[in-house]
file work34.txt (compact mmCIF, C-alpha atoms (C1' of nucleotides))
# COMPACT_ATOMS: atom_id res chain seq x y z
CA MET A 208 -15.17 34.74 -15.81
CA ALA A 209 -17.00 31.85 -17.28
CA ARG A 210 -20.22 32.88 -18.95
CA TYR A 211 -21.06 30.19 -21.43
CA ARG A 212 -22.19 26.71 -20.51
CA VAL A 213 -19.09 25.05 -21.93
CA GLY A 214 -16.95 27.32 -19.79
CA LEU A 215 -18.71 26.33 -16.59
CA GLU A 216 -18.42 22.66 -17.52
CA THR A 217 -14.74 23.01 -18.20
CA ARG A 218 -14.35 24.74 -14.87
CA GLU A 219 -15.92 21.77 -13.13
CA ARG A 220 -13.75 19.38 -15.08
CA ILE A 221 -10.67 21.27 -13.97
CA LEU A 222 -11.76 21.21 -10.33
CA ASP A 223 -12.38 17.46 -10.57
CA ALA A 224 -8.94 16.99 -12.06
CA THR A 225 -7.38 19.14 -9.36
CA ARG A 226 -9.06 17.06 -6.69
CA GLU A 227 -7.89 13.81 -8.23
CA VAL A 228 -4.34 15.00 -8.72
CA LEU A 229 -4.13 16.36 -5.19
CA GLY A 230 -5.43 13.10 -3.79
CA GLU A 231 -3.19 10.86 -5.83
CA LEU A 232 0.00 12.81 -6.28
CA GLY A 233 0.01 15.19 -3.36
CA LEU A 234 0.22 18.94 -3.13
CA GLU A 235 3.81 19.02 -4.30
CA ASN A 236 3.15 17.20 -7.52
CA ALA A 237 -0.09 18.98 -8.24
CA THR A 238 1.51 20.95 -11.02
CA LEU A 239 -0.36 22.88 -13.65
CA LYS A 240 0.72 20.37 -16.24
CA ALA A 241 -0.61 17.47 -14.19
CA ILE A 242 -3.93 19.21 -13.65
CA THR A 243 -4.48 20.36 -17.21
CA GLU A 244 -3.46 17.01 -18.67
CA ARG A 245 -5.84 15.20 -16.37
CA ALA A 246 -8.60 17.62 -17.25
CA GLU A 247 -7.67 17.44 -20.92
CA VAL A 248 -7.50 21.18 -21.38
CA GLY A 249 -4.86 23.55 -22.59
CA ALA A 250 -3.02 25.76 -20.17
CA GLY A 251 -4.59 28.83 -21.68
CA SER A 252 -8.03 27.43 -21.05
CA PHE A 253 -7.17 27.01 -17.42
CA TYR A 254 -6.17 30.64 -17.14
CA ASN A 255 -9.31 31.73 -18.85
CA LEU A 256 -11.28 30.23 -15.98
CA PHE A 257 -8.97 30.71 -13.02
CA ASP A 258 -6.73 33.60 -12.14
CA SER A 259 -4.03 31.31 -10.83
CA LYS A 260 -3.26 27.73 -9.97
CA GLU A 261 -3.57 28.66 -6.34
CA GLU A 262 -7.22 29.53 -6.84
CA ALA A 263 -8.17 26.05 -8.01
CA VAL A 264 -6.11 24.35 -5.34
CA LEU A 265 -7.53 26.44 -2.52
CA GLU A 266 -11.02 25.71 -3.74
CA VAL A 267 -10.37 21.99 -3.43
CA LEU A 268 -8.73 22.33 -0.04
CA ARG A 269 -11.83 24.17 1.13
CA GLN A 270 -13.92 21.27 -0.14
CA ALA A 271 -11.82 18.87 1.91
CA ILE A 272 -12.21 20.84 5.11
CA VAL A 273 -15.95 21.00 4.63
CA ALA A 274 -16.23 17.33 3.74
CA VAL A 275 -14.51 16.16 6.91
CA ASP A 276 -17.25 17.77 9.00
CA PRO A 277 -20.44 17.27 7.06
CA ASP A 278 -24.08 18.02 7.77
CA PRO A 279 -23.76 21.09 9.93
CA ALA A 280 -27.53 21.10 10.22
CA GLY A 281 -27.36 17.99 12.36
CA VAL A 282 -25.39 19.69 15.12
CA GLY A 283 -26.97 19.05 18.48
CA ARG A 284 -28.95 16.09 17.28
CA GLU A 285 -26.75 13.35 15.88
CA SER A 286 -25.42 10.39 17.84
CA LEU A 287 -21.81 9.49 18.39
CA ASP A 288 -22.31 6.49 16.15
CA ASP A 289 -23.56 8.80 13.44
CA LEU A 290 -20.48 10.96 13.73
CA ILE A 291 -18.09 8.04 13.61
CA GLU A 292 -19.99 6.53 10.72
CA ALA A 293 -19.79 9.80 8.86
CA PHE A 294 -16.04 9.85 9.32
CA VAL A 295 -15.75 6.27 8.11
CA ALA A 296 -17.82 7.13 5.08
CA PHE A 297 -15.66 10.16 4.44
CA VAL A 298 -12.49 8.10 4.48
CA THR A 299 -13.69 5.00 2.66
CA GLY A 300 -16.43 6.40 0.46
CA PRO A 301 -16.39 8.11 -2.90
CA ASP A 302 -14.87 11.21 -1.34
CA ALA A 303 -11.76 9.30 -0.36
CA ALA A 304 -9.71 11.69 -2.47
CA LEU A 305 -10.80 14.53 -0.26
CA ALA A 306 -9.87 12.49 2.78
CA ARG A 307 -6.39 11.94 1.44
CA ILE A 308 -6.13 15.62 0.72
CA TYR A 309 -7.21 16.40 4.26
CA LEU A 310 -4.53 14.14 5.68
CA GLN A 311 -1.97 15.79 3.46
CA MET A 312 -3.02 19.16 4.73
CA ALA A 313 -2.59 17.91 8.27
CA SER A 314 1.09 17.39 7.63
CA GLN A 315 1.52 20.23 5.21
CA ALA A 316 0.45 22.31 8.15
CA LEU A 317 3.58 21.28 10.00
CA SER A 318 5.44 23.98 8.17
CA ASN A 319 2.58 26.31 7.33
CA PRO A 320 1.06 28.22 10.24
CA ALA A 321 -1.84 29.56 8.18
CA VAL A 322 -3.01 26.06 7.24
CA ALA A 323 -2.41 24.88 10.77
CA ALA A 324 -4.65 27.59 12.21
CA ARG A 325 -7.43 26.78 9.79
CA LEU A 326 -7.27 23.07 10.50
CA ASN A 327 -7.18 23.77 14.19
CA ARG A 328 -10.45 25.66 14.04
CA SER A 329 -12.04 22.87 12.06
CA HIS A 330 -10.65 20.33 14.49
CA ARG A 331 -11.91 22.09 17.58
CA HIS A 332 -15.33 22.36 16.07
CA ARG A 333 -15.46 18.66 15.47
CA VAL A 334 -14.24 17.96 18.98
CA GLY A 335 -17.14 20.04 20.20
CA ARG A 336 -19.64 18.02 18.15
CA PHE A 337 -18.21 14.74 19.37
CA ALA A 338 -18.12 15.91 22.98
CA ALA A 339 -21.73 17.06 22.84
CA ALA A 340 -22.82 13.69 21.48
CA ILE A 341 -20.88 11.92 24.22
CA GLN A 342 -22.49 13.99 26.92
CA ARG A 343 -25.90 13.40 25.45
CA GLU A 344 -25.40 9.65 25.48
CA SER A 345 -23.38 9.08 28.63
CA MET A 346 -24.96 11.03 31.43
CA GLY A 347 -22.91 11.77 34.44
CA VAL A 348 -20.00 12.72 32.23
CA ASP A 349 -18.94 16.31 32.64
CA ALA A 350 -17.89 18.55 29.79
CA VAL A 351 -14.18 18.28 30.45
CA GLU A 352 -14.26 14.51 30.44
CA ALA A 353 -16.41 14.41 27.34
CA THR A 354 -14.09 16.77 25.51
CA ALA A 355 -11.07 14.73 26.46
CA HIS A 356 -12.72 11.58 25.20
CA ALA A 357 -13.76 13.31 22.00
CA GLU A 358 -10.17 14.31 21.49
CA LEU A 359 -9.07 10.71 21.86
CA LEU A 360 -11.68 9.44 19.46
CA LEU A 361 -10.84 11.94 16.76
CA ALA A 362 -7.12 11.35 17.21
CA ALA A 363 -7.67 7.63 16.84
CA LEU A 364 -9.81 8.10 13.75
CA MET A 365 -7.17 10.28 12.16
CA GLY A 366 -4.43 7.84 13.07
CA LEU A 367 -6.39 4.91 11.70
CA ALA A 368 -7.03 6.84 8.51
CA PHE A 369 -3.30 7.22 8.07
CA VAL A 370 -2.78 3.51 8.46
CA LEU A 371 -5.47 2.88 5.86
CA VAL A 372 -3.80 5.16 3.37
CA HIS A 373 -0.52 3.35 3.83
CA ASP A 374 -2.15 -0.06 3.67
CA PRO A 375 -5.26 -0.26 1.50
CA LEU A 376 -6.14 -3.64 2.99
CA PHE A 377 -6.42 -2.22 6.48
CA ASP A 378 -9.83 -2.81 8.03
CA PHE A 379 -10.57 0.79 8.87
CA PRO A 380 -14.31 0.40 9.50
CA GLY A 381 -13.69 -2.57 11.77
CA HIS A 382 -11.23 -0.70 13.93
CA ALA A 383 -13.39 2.40 14.00
CA ALA A 384 -16.26 0.27 15.25
CA ARG A 385 -14.11 -0.91 18.16
CA LEU A 386 -13.55 2.60 19.45
CA PRO A 387 -14.95 3.03 22.98
CA ARG A 388 -18.11 5.09 22.84
CA ARG A 389 -17.86 6.36 26.41
CA PRO A 390 -14.96 7.63 28.49
CA GLY A 391 -13.05 4.86 30.18
CA VAL A 392 -11.95 4.78 33.79
CA ALA A 393 -10.07 7.86 34.91
CA ALA A 394 -6.35 7.74 34.36
CA GLN A 395 -4.05 7.16 37.26
CA THR A 396 -2.75 10.34 38.86
CA MET B 142 35.35 10.18 2.76
CA ALA B 143 36.09 12.01 5.94
CA ARG B 144 39.41 11.00 7.40
CA TYR B 145 40.45 13.82 9.65
CA ARG B 146 38.80 14.75 12.90
CA VAL B 147 37.51 18.09 11.61
CA GLY B 148 35.90 16.34 8.69
CA LEU B 149 33.96 14.01 10.93
CA GLU B 150 32.88 16.89 13.10
CA THR B 151 31.66 18.84 10.10
CA ARG B 152 29.78 15.78 8.98
CA GLU B 153 27.96 15.66 12.29
CA ARG B 154 27.23 19.35 12.11
CA ILE B 155 25.71 18.89 8.69
CA LEU B 156 23.55 16.03 9.89
CA ASP B 157 22.36 18.11 12.83
CA ALA B 158 21.49 20.93 10.49
CA THR B 159 19.69 18.56 8.16
CA ARG B 160 17.62 17.25 11.04
CA GLU B 161 16.70 20.73 12.20
CA VAL B 162 15.81 21.94 8.75
CA LEU B 163 13.71 18.88 8.03
CA GLY B 164 11.86 19.27 11.31
CA GLU B 165 11.20 22.97 10.93
CA LEU B 166 10.81 23.54 7.23
CA GLY B 167 9.73 20.17 5.93
CA LEU B 168 11.15 17.89 3.32
CA GLU B 169 10.26 20.24 0.50
CA ASN B 170 12.14 23.18 1.89
CA ALA B 171 15.11 21.16 3.00
CA THR B 172 17.25 22.57 0.24
CA LEU B 173 20.99 22.34 0.09
CA LYS B 174 21.20 26.05 0.68
CA ALA B 175 19.07 25.81 3.82
CA ILE B 176 21.15 22.93 5.15
CA THR B 177 24.57 24.39 4.45
CA GLU B 178 23.60 27.80 5.78
CA ARG B 179 22.29 26.27 8.97
CA ALA B 180 25.45 24.20 9.31
CA GLU B 181 27.59 27.19 8.42
CA VAL B 182 29.39 25.26 5.74
CA GLY B 183 30.13 25.91 2.11
CA ALA B 184 28.39 23.86 -0.53
CA GLY B 185 31.66 22.33 -1.63
CA SER B 186 32.34 21.17 1.87
CA PHE B 187 29.04 19.35 1.89
CA TYR B 188 29.94 17.46 -1.25
CA ASN B 189 33.28 16.56 0.13
CA LEU B 190 31.54 14.66 2.92
CA PHE B 191 28.40 13.41 1.20
CA ASP B 192 27.90 12.10 -2.29
CA SER B 193 24.56 13.83 -2.61
CA LYS B 194 21.95 15.72 -0.69
CA GLU B 195 19.83 12.61 -0.71
CA GLU B 196 22.43 10.79 1.31
CA ALA B 197 22.20 13.20 4.22
CA VAL B 198 18.43 13.37 4.11
CA LEU B 199 17.99 9.61 4.04
CA GLU B 200 20.34 9.28 6.97
CA VAL B 201 18.11 11.58 9.02
CA LEU B 202 14.92 9.84 7.92
CA ARG B 203 16.45 6.60 9.08
CA GLN B 204 17.14 8.21 12.45
CA ALA B 205 13.50 9.22 12.71
CA ILE B 206 12.23 5.72 11.99
CA VAL B 207 14.56 4.27 14.57
CA ALA B 208 13.73 6.90 17.18
CA VAL B 209 10.01 6.22 17.03
CA ASP B 210 10.61 2.65 18.15
CA PRO B 211 13.45 2.81 20.64
CA ASP B 212 15.15 0.29 22.85
CA PRO B 213 14.77 -2.83 20.75
CA ALA B 214 16.52 -4.72 23.54
CA GLY B 215 13.49 -4.28 25.73
CA VAL B 216 11.21 -6.24 23.43
CA GLY B 217 9.26 -8.82 25.36
CA ARG B 218 9.86 -7.15 28.67
CA GLU B 219 8.53 -3.62 28.77
CA SER B 220 5.11 -2.61 30.03
CA LEU B 221 2.43 -0.84 28.06
CA ASP B 222 3.00 2.22 30.20
CA ASP B 223 6.67 2.13 29.27
CA LEU B 224 5.81 2.03 25.60
CA ILE B 225 3.37 4.89 25.82
CA GLU B 226 5.77 6.89 27.91
CA ALA B 227 8.48 6.30 25.36
CA PHE B 228 6.22 7.63 22.64
CA VAL B 229 5.36 10.68 24.72
CA ALA B 230 9.04 11.28 25.32
CA PHE B 231 9.72 10.91 21.63
CA VAL B 232 7.14 13.51 20.72
CA THR B 233 7.70 16.02 23.50
CA GLY B 234 11.36 15.45 24.33
CA PRO B 235 14.55 16.72 22.78
CA ASP B 236 14.00 14.51 19.75
CA ALA B 237 10.85 16.38 18.87
CA ALA B 238 12.41 17.34 15.56
CA LEU B 239 12.63 13.67 14.66
CA ALA B 240 8.99 13.25 15.64
CA ARG B 241 7.95 16.03 13.33
CA ILE B 242 10.01 14.46 10.60
CA TYR B 243 8.31 11.14 11.22
CA LEU B 244 4.87 12.73 10.91
CA GLN B 245 5.94 14.39 7.70
CA MET B 246 7.05 11.06 6.33
CA ALA B 247 3.67 9.64 7.21
CA SER B 248 2.05 11.98 4.72
CA GLN B 249 4.90 12.06 2.29
CA ALA B 250 4.18 8.38 2.06
CA LEU B 251 0.75 9.15 0.66
CA SER B 252 2.34 9.62 -2.72
CA ASN B 253 5.47 7.54 -2.29
CA PRO B 254 4.96 3.78 -2.15
CA ALA B 255 8.55 3.10 -1.12
CA VAL B 256 8.28 5.27 1.95
CA ALA B 257 4.86 3.86 2.69
CA ALA B 258 6.17 0.31 2.68
CA ARG B 259 9.00 1.19 4.98
CA LEU B 260 6.72 2.97 7.45
CA ASN B 261 4.30 0.11 7.29
CA ARG B 262 6.93 -2.36 8.39
CA SER B 263 7.95 -0.08 11.22
CA HIS B 264 4.33 0.39 12.19
CA ARG B 265 3.51 -3.29 12.24
CA HIS B 266 6.51 -3.97 14.39
CA ARG B 267 5.35 -1.44 16.94
CA VAL B 268 1.84 -2.86 16.88
CA GLY B 269 3.40 -6.18 17.73
CA ARG B 270 5.28 -4.73 20.69
CA PHE B 271 2.20 -3.00 22.00
CA ALA B 272 0.04 -6.07 21.54
CA ALA B 273 2.53 -8.26 23.37
CA ALA B 274 2.58 -5.87 26.30
CA ILE B 275 -1.22 -5.79 26.37
CA GLN B 276 -1.42 -9.56 26.43
CA ARG B 277 1.16 -9.74 29.18
CA GLU B 278 -0.80 -7.32 31.35
CA SER B 279 -4.40 -8.23 30.60
CA MET B 280 -4.74 -11.95 30.73
CA GLY B 281 -7.67 -13.49 29.04
CA VAL B 282 -7.14 -11.28 26.04
CA ASP B 283 -6.42 -13.19 22.89
CA ALA B 284 -3.88 -12.13 20.31
CA VAL B 285 -6.41 -10.76 17.86
CA GLU B 286 -8.04 -8.56 20.45
CA ALA B 287 -4.70 -7.37 21.76
CA THR B 288 -3.52 -6.49 18.28
CA ALA B 289 -6.70 -4.58 17.56
CA HIS B 290 -6.32 -2.61 20.75
CA ALA B 291 -2.68 -1.94 20.01
CA GLU B 292 -3.72 -0.57 16.65
CA LEU B 293 -6.17 1.77 18.32
CA LEU B 294 -3.62 2.97 20.84
CA LEU B 295 -0.99 3.70 18.24
CA ALA B 296 -3.48 5.41 15.98
CA ALA B 297 -4.60 7.60 18.85
CA LEU B 298 -1.01 8.45 19.76
CA MET B 299 -0.26 9.41 16.19
CA GLY B 300 -3.43 11.46 15.94
CA LEU B 301 -2.71 13.23 19.20
CA ALA B 302 0.80 13.96 18.03
CA PHE B 303 -0.63 15.71 15.00
CA VAL B 304 -2.84 17.86 17.18
CA LEU B 305 0.16 18.76 19.28
CA VAL B 306 2.13 19.86 16.28
CA HIS B 307 -0.72 22.07 15.15
CA ASP B 308 -1.26 23.47 18.62
CA PRO B 309 1.85 23.64 20.78
CA LEU B 310 -0.29 24.26 23.87
CA PHE B 311 -2.06 20.92 23.48
CA ASP B 312 -1.69 18.70 26.54
CA PHE B 313 -0.32 15.70 24.74
CA PRO B 314 0.99 13.82 27.80
CA GLY B 315 -2.32 14.33 29.58
CA HIS B 316 -4.34 12.86 26.76
CA ALA B 317 -1.90 10.04 26.25
CA ALA B 318 -2.26 9.18 29.91
CA ARG B 319 -6.03 8.85 29.45
CA LEU B 320 -5.70 6.17 26.81
CA PRO B 321 -7.35 2.92 27.90
CA ARG B 322 -4.69 0.38 28.81
CA ARG B 323 -6.85 -2.65 28.16
CA PRO B 324 -9.30 -3.52 25.41
CA GLY B 325 -12.77 -2.21 26.08
CA VAL B 326 -16.00 -4.14 25.76
CA ALA B 327 -16.39 -5.87 22.44
CA ALA B 328 -17.96 -3.79 19.74
CA GLN B 329 -21.55 -4.35 18.77
CA THR B 330 -21.97 -6.73 15.88
C1' DC C 100 57.98 19.57 6.20
C1' DC C 101 54.88 17.58 2.95
C1' DC C 102 50.96 15.39 1.40
C1' DA C 103 46.28 14.27 2.21
C1' DT C 104 42.24 16.20 3.47
C1' DA C 105 39.00 20.10 4.23
C1' DT C 106 36.84 24.43 2.88
C1' DT C 107 35.21 28.01 0.14
C1' DG C 108 31.94 30.23 -3.00
C1' DT C 109 31.15 31.09 -7.46
C1' DA C 110 29.83 29.46 -11.83
C1' DG C 111 27.53 26.07 -14.70
C1' DC C 112 23.96 23.40 -16.13
C1' DA C 113 19.68 21.55 -16.12
C1' DT C 114 15.12 21.43 -14.93
C1' DG C 115 10.67 22.63 -14.24
C1' DC C 116 7.45 25.75 -13.04
C1' DA C 117 3.53 29.25 -13.47
C1' DC C 118 1.87 31.97 -16.67
C1' DT C 119 1.05 34.75 -21.42
C1' DC C 120 -0.43 35.53 -25.94
C1' DA C 121 -2.11 35.72 -30.60
C1' DA C 122 -4.89 33.24 -33.46
C1' DG C 123 -8.64 30.54 -34.54
C1' DA C 124 -12.88 27.80 -33.02
C1' DT C 125 -17.20 27.82 -30.71
C1' DC C 126 -21.40 29.73 -28.40
C1' DT C 127 -25.56 32.12 -27.90
C1' DG C 128 -29.07 35.68 -28.11
C1' DT C 129 -31.36 37.99 -31.56
C1' DA D 17 -27.50 33.63 -40.03
C1' DC D 18 -24.89 37.27 -37.78
C1' DA D 19 -21.88 39.28 -34.64
C1' DG D 20 -19.73 39.86 -30.61
C1' DA D 21 -18.56 37.57 -26.56
C1' DT D 22 -16.48 33.61 -24.80
C1' DC D 23 -13.57 29.53 -25.14
C1' DT D 24 -9.50 26.90 -26.54
C1' DT D 25 -5.03 25.93 -27.97
C1' DG D 26 0.00 25.09 -27.25
C1' DA D 27 4.28 26.86 -28.09
C1' DG D 28 6.93 30.26 -25.84
C1' DT D 29 8.67 33.46 -21.94
C1' DG D 30 10.87 34.44 -18.02
C1' DC D 31 11.99 33.19 -13.70
C1' DA D 32 13.41 30.63 -9.88
C1' DT D 33 15.85 27.20 -7.96
C1' DG D 34 18.12 23.24 -7.43
C1' DC D 35 22.20 20.21 -7.44
C1' DT D 36 26.77 19.76 -8.42
C1' DA D 37 31.78 20.72 -10.10
C1' DC D 38 35.93 23.16 -9.72
C1' DA D 39 40.19 25.70 -8.83
C1' DA D 40 42.27 28.03 -5.25
C1' DT D 41 43.35 28.29 -0.50
C1' DA D 42 43.66 26.77 4.23
C1' DT D 43 44.24 23.32 7.65
C1' DG D 44 45.48 18.80 9.72
C1' DG D 45 48.76 15.16 10.92
C1' DG D 46 52.48 12.07 10.82

call {"tool": "encode", "arguments": {"input": "work34.txt", "output": "structure tokens"}}
result
Amino acid sequence: MARYRVGLETRERILDATREVLGELGLENATLKAITERAEVGAGSFYNLFDSKEEAVLEVLRQAIVAVDPDPAGVGRESLDDLIEAFVAFVTGPDAALARIYLQMASQALSNPAVAARLNRSHRHRVGRFAAAIQRESMGVDAVEATAHAELLLAALMGLAFVLVHDPLFDFPGHAARLPRRPGVAAQT
Amino acid sequence: MARYRVGLETRERILDATREVLGELGLENATLKAITERAEVGAGSFYNLFDSKEEAVLEVLRQAIVAVDPDPAGVGRESLDDLIEAFVAFVTGPDAALARIYLQMASQALSNPAVAARLNRSHRHRVGRFAAAIQRESMGVDAVEATAHAELLLAALMGLAFVLVHDPLFDFPGHAARLPRRPGVAAQT
DNA sequence: CCCATATTGTAGCATGCACTCAAGATCTGT
DNA sequence: ACAGATCTTGAGTGCATGCTACAATATGGG
């Protein structure tokens, strides 16, 4: 739709505003008014560049899903520390808005099967990456054990991220650093 | 407001319906219509027993916060296994609706400081209980270390609970059982 | 038997939302 | 500089939905 330079710039400005609003106010309050006011554009301008509000929102949600699992080129090479560090950077870095959006999606999915399925795929993929790194670093660990540990690590990272969002003073990087890098002793049967 | 037996019963029925609707449809879709239909009650009847919709909803949210941290009498006595088991029971047992509601609140809180503060208090209290149990069972662990480990355990439990909600086939109890009961080796500095 | 309470469901009111449109401003290639 | 395409505006439309009140009827209980 956008052909002129100004149009493309406005489009970006609207997407930025959408991302900020989603991160700060949540999906529910991400109304057209909130987005257009933040972007400093008229409603008509929005609809010149997007077919619907949904279109802009979905674009940002896609960004969030991608951002949580960055650098796909590194698959098969990166260390567990790298992966954890990347997650910490995702949550505490400049993309924190996307992280908040991702967490919101996680709960939004409670009552939205389509979102849940999408997140699940993304989640399983990340579990695979973590598990592969674990196996690479801790030999003698079989795939099942590595996957289980990966699941624990990711669950803990997500849980810690929630605490951080509720309490901005929470030392997220410190706790993430304490996470056990290799599977612990087997659980009692 | 309710004086007669039938009134009190209807009140309970409405609260049950509110809990179910909140768990299944989420806070957003917990409309008066949804609640009264589920409870098989007219709208007027609802307002004879509650002053507002908010009143019923808040009552259920309170239930969820209490349910996540049960048996306050046991404080100072229970084992870490007990605490973890209680959380597993909370998430997988008959109160699963309350668990889902609790998880929803966790994200609702992203854009609601009042809710966030309330959850934070509840969370810190549970961290304290977990940390105390850890110290009781693993001697030689100082309070700081125990608290940090408690934070990790609770974060992991929350994270695993989210996975379970997204994927009903997820083996939540199995993964919870794998959680390390004592702090691991100190993190690298 | 009588009054207090409970129940119904429709109607009212307000709100807020996504989206449209006609008119004028701005761009950009030529 | 021109002309047509693109961009922008912002009040306005229509719709959906929500919460709540009310007057009439039914039920409970002492």

call {"tool": "residues_around", "arguments": {"input": "work34.txt", "residues": "Lys194 of chain B", "least_positions_apart": "4", "cutoff": "10 Å", "atoms": "all atoms listed in the file", "output": "ChimeraX atom specification"}}
result
/B:159,171-173,176,187-188,198-199 /D:35-36

call {"tool": "interface_residues", "arguments": {"input": "work34.txt", "of": "chain B", "to": "chain D", "cutoff": "12 Å", "atoms": "all atoms listed in the file", "output": "list in words"}}
result
Arg144, Tyr145, Arg146, Val147, Gly148, Glu169, Asn170, Ala171, Thr172, Leu173, Lys174, Ala175, Ala184, Gly185, Ser186, Phe187, Tyr188, Asn189, Phe191, Asp192, Ser193, Lys194 and Glu195 of chain B

call {"tool": "closest_residue", "arguments": {"input": "work34.txt", "among": "B:Gly315, B:Gly217, B:Gly183, B:Gly164", "to": "chain C", "atoms": "only C-alpha atoms (C1' of nucleotides)"}}
result
B:Gly183

call {"tool": "closest_residue", "arguments": {"input": "work34.txt", "among": "C:DT114, C:DT109, C:DT104, C:DT127", "to": "chain A", "atoms": "all atoms listed in the file"}}
result
C:DT127

call {"tool": "residues_near_point", "arguments": {"input": "work34.txt", "point": "(-6.2, -5.4, 25.4)", "cutoff": "7 Å", "atoms": "all atoms listed in the file", "output": "ChimeraX atom specification"}}
result
/B:275-276,279,282,286-287,290,322-324

call {"tool": "closest_residue", "arguments": {"input": "work34.txt", "among": "A:Glu244, A:Val273, A:Val228, A:Ser286", "to": "chain B", "atoms": "all atoms listed in the file"}}
result
A:Val228

call {"tool": "atom_distance", "arguments": {"input": "work34.txt", "atom1": "atom CA of Arg203 of chain B", "atom2": "atom CA of Ser314 of chain A"}}
result
18.8 Å

call {"tool": "interface_residues", "arguments": {"input": "work34.txt", "of": "chain A", "to": "chain B", "cutoff": "6 Å", "atoms": "only C-alpha atoms", "output": "ChimeraX atom specification"}}
result
/A:232,311,314,318,323,362-363,365-367,373,385,394

call {"tool": "closest_atom_pairs", "arguments": {"input": "work34.txt", "of": "chain C", "to": "chain B", "cutoff": "12 Å", "atoms": "all atoms listed in the file", "output": "JSON lines"}}
result
{"residue": "C:DA103", "atom": "C1'", "partner": "B:Arg144", "partner_atom": "CA", "distance": 9.2}
{"residue": "C:DT104", "atom": "C1'", "partner": "B:Tyr145", "partner_atom": "CA", "distance": 6.9}
{"residue": "C:DA105", "atom": "C1'", "partner": "B:Gly148", "partner_atom": "CA", "distance": 6.6}
{"residue": "C:DT106", "atom": "C1'", "partner": "B:Ser186", "partner_atom": "CA", "distance": 5.6}
{"residue": "C:DT107", "atom": "C1'", "partner": "B:Gly183", "partner_atom": "CA", "distance": 5.8}
{"residue": "C:DG108", "atom": "C1'", "partner": "B:Gly183", "partner_atom": "CA", "distance": 6.9}
{"residue": "C:DT109", "atom": "C1'", "partner": "B:Ala184", "partner_atom": "CA", "distance": 10.4}
